[in-house]
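K.L.:
This is the structure I want to talk about, given as structure tokens.
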Amino acid sequence: MLAKKNLPPPKCWADLAKPIYKDEMQMANPNASGTAYSTIATLVQIFGEDKAFELLKGVAQEHQQLSAHRRAVRSARSARGETAIAVTFLHDGMTEIANGFPVKIVVPCEGTGYEVGSMSIVKGAKNLDNAKQVLRLGADARRRRRSARRLRTFQVPSNKSVASAAGRAEDGARSSSSTTTSPNTAAPPSASGILEKWDREVYAIPR
């Protein structure tokens, strides 16, 4: 889609605020999307709060949509040609590649953030034995790899004994596992503080 419009693919977070991408992007509303909140927290850690919000203001003016849709919906819209650029987690893009769509993944040049998915057993669980069995299956490297390949999910495992799912997106999984993550070790502002500022300074911008 970008090639048809003679637009270069973005390479960095800062590129997303360029006017050439007006109406070519989709990003979720962080009030409804944990992925979008992770994006904002990442930018705050990389650039610092003031510069991050200046970038977000520029991005908001160019976005096609700031919706409440789940991240996978935005990824699918990009895969199906409804938008040229989708801001989402890397593994969602890899799923669309595995499904045969002409999607390319861009890891921002400044670095990127990440989230760690987890599993736990609730104290007093009524089905404790079944819960323990689920956790054991989750730790089984062979089962996890087979399941990831079958379901076409490409998150990078935190357990080093578990290989990334093989397939057409394998190179993407390798690149995302070695990419630079947020270099700033300072904790981002509270979620409520980020969201209030986003509503006030970014979402309120006329588009």
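Chains: A, B, ... in order of the structure tokens. Residues: from 1 per chain. Ligands: from 1, in order shown.
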Give me the residues near Tyr203 (chain A) as a PyMOL selection string, where near means some atom within 8 Å (using only C-alpha atoms) and where sequence neighbours in that chain fewer than 4 positions away do not count.
P.N.:
chain A and resi 60+198-199
K.L.:
Using only C-alpha atoms, can you tell me which of A:Ala3, A:Ile40, A:Val59, A:Leu195 comes closest to Met25 (chain A)?
P.N.:
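Checking each of A:Ala3, A:Ile40, A:Val59, A:Leu195 against Met25 (chain A), counting only C-alpha atoms, the winner is A:Val59.
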K.L.:
CA of Gly113 (chain A) and CA of Thr42 (chain A) are how many Å apart?
P.N.:
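Distance between the two atoms: 5.1 Å.
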K.L.:
From the set A:Met27, A:Val156, A:Ile46, A:Met119, which residue has the shortest atom-to-atom contact distance to Leu135 (chain A), counting only C-alpha atoms?
P.N.:
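Closest to Leu135 (chain A) of all the choices is A:Met119.
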K.L.:
Rank nothing, just name the residue among A:Val44, A:Ala98, A:Lys132, A:Lys11 nearest to Arg150 (chain A), using only C-alpha atoms.
P.N.:
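With only C-alpha atoms as the atom set, the closest residue is A:Ala98.
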K.L.:
Give the answer as one residue: which of A:Asp15, A:Glu115, A:Glu110, A:Glu196 has the shortest atom-to-atom distance to Gly58 (chain A), using only C-alpha atoms?
P.N.:
A:Asp15
K.L.:
When you count only C-alpha atoms, which of these residues is closest to Thr95 (chain A): A:Lys18, A:Lys126, A:Lys197, A:Arg152?
P.N.:
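Among the listed residues, A:Arg152 lies closest to Thr95 (chain A).
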K.L.:
Just the number, please: distance in Å from CA of Val202 (chain A) to CA of Thr88 (chain A), one decimal.
P.N.:
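One can read the CA of Val202 (chain A) to CA of Thr88 (chain A) distance as 18.5 Å.
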K.L.:
Could you check the closest approach to Leu56 (chain A) for each of A:Gly117, A:Gly193, A:Gly93, A:Pro30 and tell me which residue wins, using only C-alpha atoms?
P.N.:
A:Pro30
